[in-house]
Every structure is written in structure tokens, then in C-alpha cells.
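In what follows, a single structure is set out as C-alpha cells and then discussed.
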Amino acid sequence: MIASAGSQFASGATTQLIASVENSKFLGGANLTDDSLAVSLNADWTFDKGSFAGVDCYVSSVDVARALDKGCDFYAGFFTPLNDGNALSIRTTRHEYSRGLGRKWDFTDLSLSWHPSKTSRFTATYSNKWLRRSFDSFALNATTKLVLSERVSLNLSGGVNAFESGAPVNALINARAALSYTRARWTGEIGVIYTDSKQRRVLPFDIDEPELIFNLRYRLY
């Protein structure tokens with residue numbers, strides 16, 4: 001998600017609309033658009049009582065059957081501040097995608113996050129039939145932003161996705177590191193993403209190790 005209301009500790013209502021262009025669309029470590037340019041639009045609403053909702057849709061220039069050329073995430077949840085800048089949030093997301101390889105990929109997940117600060121997050125996620133595989137998954141992920149200067153930051157994330165018995169693999173890991181530069185409403189980011197090579201036994205999507213990533217975002221509202 002480009003915007004995450006669950007990581008905001010403010011109690012006032014806010015609305016955010018962000019457009020972005022990226023070299024490929026990823027879901028965790030899964031490259032959904034086969035290294036093809038993707039354009040996204042994210043709308044995010046945070047309400048007075050701590051609830052939030054949003055939609056994040058993309059369309060890609062990909063023209064191969066093994067990729068997903070468009071999709072949307074619809075999400076809603078609730079967050080509550082704790083003490084000393086901590087917060088907890090819970091969120092459910094419905095992932096819906098175009099058909100690829102003649103089959104559907106839609107699924108739903110539920111996540112619980114602990115925010116020890118405004119720039120860090122630890123998340124546990126349960127996914128029902130992850131990417132429409134025949135098995136459920138349970139993921140643990142960590143994300144943090146290191147502020148290097150007024151405009152530059154280092155964004156780091158990583159996690160492990162474990163699958164129930166019967167899956168071709170027990171678990172998959174992924175990691176991401178990127179430098180971002182922000183000026184006014186613009187944010188540019190460039191970095192690398194690492195995807196577990198065992199993912200080839202689960203999904204048909206392209207894997208490079210590591211893979212260059214970049215995106216450019218503009219906050220419309």
C-alpha cells in the first residue's frame with residue numbers, strides 16, 4: 001500500500017489521494033507484472049474514531065499471459081494509539097486481479113500490526129487461499145524508515161510467509177531496501193528487492209535475484 005492509515009496516530013479525519021508509476025508491481029516478493037511498467041492510484045480515508053478505508057488499483061503494460069495486468073486492493077481497518085507513541089492496528093484486505101493463465105488469483109487477508117513508532121511496523125497476516133493457491137498462509141513482516149536528511153530516507157522491509165501443510169514449500173522469504181527522496185508532493189524511490197527462489201515452485205511469475213525497483217509518486221490530495 002502506498003498510504004497506510006494504520007500507521008498514522010492522529011485522531012482527526014484525513015483524506016489522501018496518490019498517483020504512482022513503478023517499474024513493476026509487487027505483492028511481497030511476487031512480481032505480478034513481469035517487469036512491466038505499472039500505474040497506480042491509491043485513495044485512503046482516515047476517520048475521527050480511528051477507523052480507515054481505502055482502495056489501491058493498478059494497470060500495467062504487461063502483455064504476457066503469466067502476469068497480472070491489472071488489479072485492486074480494497075481495505076478497511078481500525079487503529080488505536082497506545083502509550084509513548086506506540087499504536088496497534090487491524091486491517092482486512094480484499095485483493096482482486098485480472099485473470100492470468102486462465103485462472104483467478106483473488107484472495108482475502110487479515111493483519112494485525114504493532115507500530116512502535118511512526119516510522120516502524122511489525123505485522124502478522126493470515127491469508128485465506130493466498131493468491132488463490134489451495135493453501136492458506138501466515139506471514140510475519142517488519143518495515144522501518146531511517147531518516148537520513150530532511151528529504152532523504154532509507155526504507156527497509158522484510159518478512160517470511162509460511163504455508164500450511166500440503167503446499168509445495170514450507171515458507172518463502174523476501175527483503176527490500178530502497179532510498180527515497182521527497183520534495184513537496186513528489187516522492188521518488190529506487191532500490192532492490194530480494195525474492196526467495198523457491199517461489200518458482202509456487203507461482204509462475206518472473207524472479208530475478210536481486211531485482212531493481214523504482215517508483216515515482218505524486219500526492220494529488
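Chain labels follow the order of the C-alpha cells: the first chain is A, the next B, and so on; residue numbering restarts at 1 in every chain, and ligands are counted from 1 in their shown order.
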
Check: Residues of region 80-122 of chain A in strand (DSSP E) according to DSSP, as number ranges by chain?
Finding: A: 80-81, 87-97, 107-117, 120-122

Note to self: Please list as number ranges by chain every residue within 6 Å of Gln16 (chain A), counting only C-alpha atoms and excluding residues in the same chain fewer than 4 positions away.
What the structure shows: A: 43-44, 221

Just the selected residues (all heavy atoms), exported as a JSON list (two decimals), in the first residue's frame, please.
[["chain", "number", "residue", "atom", "x", "y", "z"],
["A", 43, "ALA", "N", -6.44, 5.74, -2.99],
["A", 43, "ALA", "CA", -7.28, 6.65, -2.22],
["A", 43, "ALA", "C", -7.41, 6.10, -0.82],
["A", 43, "ALA", "O", -7.75, 4.92, -0.63],
["A", 43, "ALA", "CB", -8.65, 6.80, -2.87],
["A", 44, "ASP", "N", -7.15, 6.94, 0.19],
["A", 44, "ASP", "CA", -7.10, 6.48, 1.57],
["A", 44, "ASP", "C", -7.86, 7.48, 2.46],
["A", 44, "ASP", "O", -7.63, 8.69, 2.37],
["A", 44, "ASP", "CB", -5.64, 6.38, 2.02],
["A", 44, "ASP", "CG", -5.50, 5.75, 3.39],
["A", 44, "ASP", "OD1", -5.62, 6.48, 4.39],
["A", 44, "ASP", "OD2", -5.24, 4.54, 3.46],
["A", 221, "TYR", "N", -3.88, 14.81, -3.50],
["A", 221, "TYR", "CA", -4.70, 15.48, -2.49],
["A", 221, "TYR", "C", -4.29, 15.00, -1.11],
["A", 221, "TYR", "O", -4.00, 13.82, -0.94],
["A", 221, "TYR", "CB", -6.18, 15.14, -2.73],
["A", 221, "TYR", "CG", -7.12, 15.83, -1.78],
["A", 221, "TYR", "CD1", -7.53, 17.15, -2.00],
["A", 221, "TYR", "CD2", -7.62, 15.18, -0.66],
["A", 221, "TYR", "CE1", -8.41, 17.79, -1.12],
["A", 221, "TYR", "CE2", -8.49, 15.78, 0.22],
["A", 221, "TYR", "CZ", -8.88, 17.10, -0.01],
["A", 221, "TYR", "OH", -9.75, 17.72, 0.86]]

Checklist line | Polymer residues at most 8 Å from Val55 (chain A), only C-alpha atoms, same-chain spacing of 2 or more positions, as a ChimeraX atom specification | finding: /A:42-44,53,57,72-75

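The list of residues with at least one atom within 6 Å of Ala178 (chain A), based on only C-alpha atoms and without residues fewer than 2 positions apart in the same chain, reads Leu154, Asn155, Ile190 and Gly191 of chain A.
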
Could you write out the selected residues, including C-alpha atoms, as a PDB file, in the first residue's frame?
ATOM      1  CA  LEU A 154      16.199   4.664   3.701  1.00  0.00           C
ATOM      2  CA  ASN A 155      13.217   2.309   3.614  1.00  0.00           C
ATOM      3  CA  ILE A 190      14.936   3.421  -6.057  1.00  0.00           C
ATOM      4  CA  GLY A 191      16.181   0.200  -4.527  1.00  0.00           C
TER       5      GLY A 191
END

Got a sec to tell me which of region 34-218 of chain A DSSP assigns to helix (DSSP H, G or I), as a tab-separated table (two decimals) with N, CA and C atoms, in the first residue's frame?
chain	number	residue	atom	x	y	z
A	130	TRP	N	-4.02	-17.87	-0.30
A	130	TRP	CA	-3.09	-16.84	-0.80
A	130	TRP	C	-2.92	-16.96	-2.31
A	131	LEU	N	-3.21	-15.85	-3.02
A	131	LEU	CA	-3.15	-15.80	-4.48
A	131	LEU	C	-3.87	-17.00	-5.12
A	132	ARG	N	-4.97	-17.41	-4.49
A	132	ARG	CA	-5.82	-18.50	-4.95
A	132	ARG	C	-5.09	-19.83	-5.07
A	197	SER	N	14.07	-17.89	-4.20
A	197	SER	CA	13.99	-18.62	-5.47
A	197	SER	C	13.01	-19.79	-5.41
A	198	LYS	N	12.68	-20.25	-4.19
A	198	LYS	CA	11.70	-21.35	-4.06
A	198	LYS	C	10.30	-20.93	-4.51
A	199	GLN	N	10.09	-19.63	-4.70
A	199	GLN	CA	8.79	-19.15	-5.16
A	199	GLN	C	8.43	-19.75	-6.53
A	200	ARG	N	9.43	-20.16	-7.31
A	200	ARG	CA	9.17	-20.78	-8.62
A	200	ARG	C	8.35	-22.06	-8.49
A	201	ARG	N	8.38	-22.68	-7.31
A	201	ARG	CA	7.61	-23.91	-7.09
A	201	ARG	C	6.16	-23.61	-6.72

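Closest approach to Glu96 (chain A) from the set A:Phe163, A:Trp45, A:Tyr218, A:Tyr58 is made by A:Tyr58, with distances taken over only C-alpha atoms.
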
Notebook entry, point to check: Do you know which residues are at most 9 Å from Gly85 (chain A) counting only C-alpha atoms, after dropping those on the same chain fewer than 6 positions away, and could you put them as an MDAnalysis selection string?
Noted result: chainID A and resid 9 115:118

If you keep all heavy atoms, can you produce a file of those selected residues as a short mmCIF file (atom, residue, chain, number, x, y, z; two decimals), in the first residue's frame?
data_model
loop_
_atom_site.label_atom_id
_atom_site.label_comp_id
_atom_site.auth_asym_id
_atom_site.auth_seq_id
_atom_site.Cartn_x
_atom_site.Cartn_y
_atom_site.Cartn_z
N PHE A 9 -1.05 8.27 13.72
CA PHE A 9 -1.53 8.31 15.10
C PHE A 9 -2.49 9.47 15.34
O PHE A 9 -3.04 9.61 16.42
CB PHE A 9 -0.34 8.44 16.07
CG PHE A 9 0.62 7.29 16.00
CD1 PHE A 9 1.87 7.39 16.58
CD2 PHE A 9 0.30 6.10 15.36
CE1 PHE A 9 2.77 6.33 16.54
CE2 PHE A 9 1.19 5.05 15.30
CZ PHE A 9 2.43 5.17 15.89
N HIS A 115 2.83 -0.76 15.85
CA HIS A 115 3.61 0.38 15.38
C HIS A 115 4.39 0.95 16.57
O HIS A 115 3.84 1.73 17.35
CB HIS A 115 2.70 1.46 14.81
CG HIS A 115 1.69 0.95 13.80
ND1 HIS A 115 1.83 1.11 12.45
CD2 HIS A 115 0.51 0.28 13.97
CE1 HIS A 115 0.80 0.58 11.82
NE2 HIS A 115 -0.01 0.06 12.73
N PRO A 116 5.66 0.55 16.76
CA PRO A 116 6.43 1.08 17.88
C PRO A 116 6.79 2.55 17.70
O PRO A 116 7.17 3.22 18.66
CB PRO A 116 7.68 0.20 17.90
CG PRO A 116 7.81 -0.30 16.51
CD PRO A 116 6.42 -0.44 15.99
N SER A 117 6.68 3.05 16.48
CA SER A 117 6.90 4.46 16.19
C SER A 117 6.16 4.79 14.90
O SER A 117 5.59 3.91 14.26
CB SER A 117 8.40 4.75 16.03
OG SER A 117 8.90 4.18 14.83
N LYS A 118 6.20 6.05 14.48
CA LYS A 118 5.53 6.45 13.25
C LYS A 118 6.27 5.96 12.01
O LYS A 118 5.75 6.04 10.91
CB LYS A 118 5.38 7.96 13.19
CG LYS A 118 4.40 8.51 14.21
CD LYS A 118 4.20 10.00 14.05
CE LYS A 118 3.18 10.53 15.03
NZ LYS A 118 2.94 11.99 14.87
#

Next item on the list: Might you pull out every residue within 12 Å of Ala30 (chain A), with only C-alpha atoms counted and same-chain residues fewer than 6 positions away left off, and present them as a list of chain:residue names?
Entry: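 With the cut-off at 12 Å, the set is A:Ser24, A:Ala67, A:Leu68, A:Trp130, A:Leu131, A:Asn161, A:Leu172, A:Ile173, A:Asn174, A:Ala175, A:Ile193, A:Tyr194, A:Thr195, A:Asp196, A:Ser197, A:Lys198, A:Gln199, A:Arg200, A:Val202, A:Leu203, A:Pro204, A:Phe205, A:Asp206, A:Ile207, A:Asp208, A:Glu211.
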
Next item on the list: Write out as an NGL selection string which residues come within 12 Å of region 133-136 of chain A when counting only C-alpha atoms, dropping same-chain ones fewer than 2 positions away.
Entry: :A and (103-110 or 125-131 or 138-139 or 161-171 or 201-204)

Check: Hey, can you check how far CA of Asn31 (chain A) sits from CA of Ile213 (chain A)?
Finding: 10.6 Å

Item checked: Pairwise distance for CA of Leu101 (chain A) and CA of Val21 (chain A), rounded to one decimal in Å ->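 Computing the Euclidean distance for CA of Leu101 (chain A) and CA of Val21 (chain A) yields 25.1 Å.
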
Note to self: Report, in Å with one decimal, the straight-line distance from CA of Gly28 (chain A) to CA of Thr15 (chain A).
What the structure shows: 25.5 Å

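Using only C-alpha atoms for every distance, the candidate list A:Ser60, A:Thr46, A:Ser180, A:Ser120 yields A:Thr46 as the residue closest to Gly77 (chain A).
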
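Counting only C-alpha atoms and comparing A:Val62, A:Leu88, A:Ala177, A:Ala124, the residue that lies closest to Thr144 (chain A) is A:Ala177.
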
Next item on the list: Between A:Val160, A:Ala76, A:Ala38, A:Ala184, single out the one closest to Gly50 (chain A), counting only C-alpha atoms.
Entry: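 Checking each candidate against Gly50 (chain A), we get A:Ala76 as the closest.
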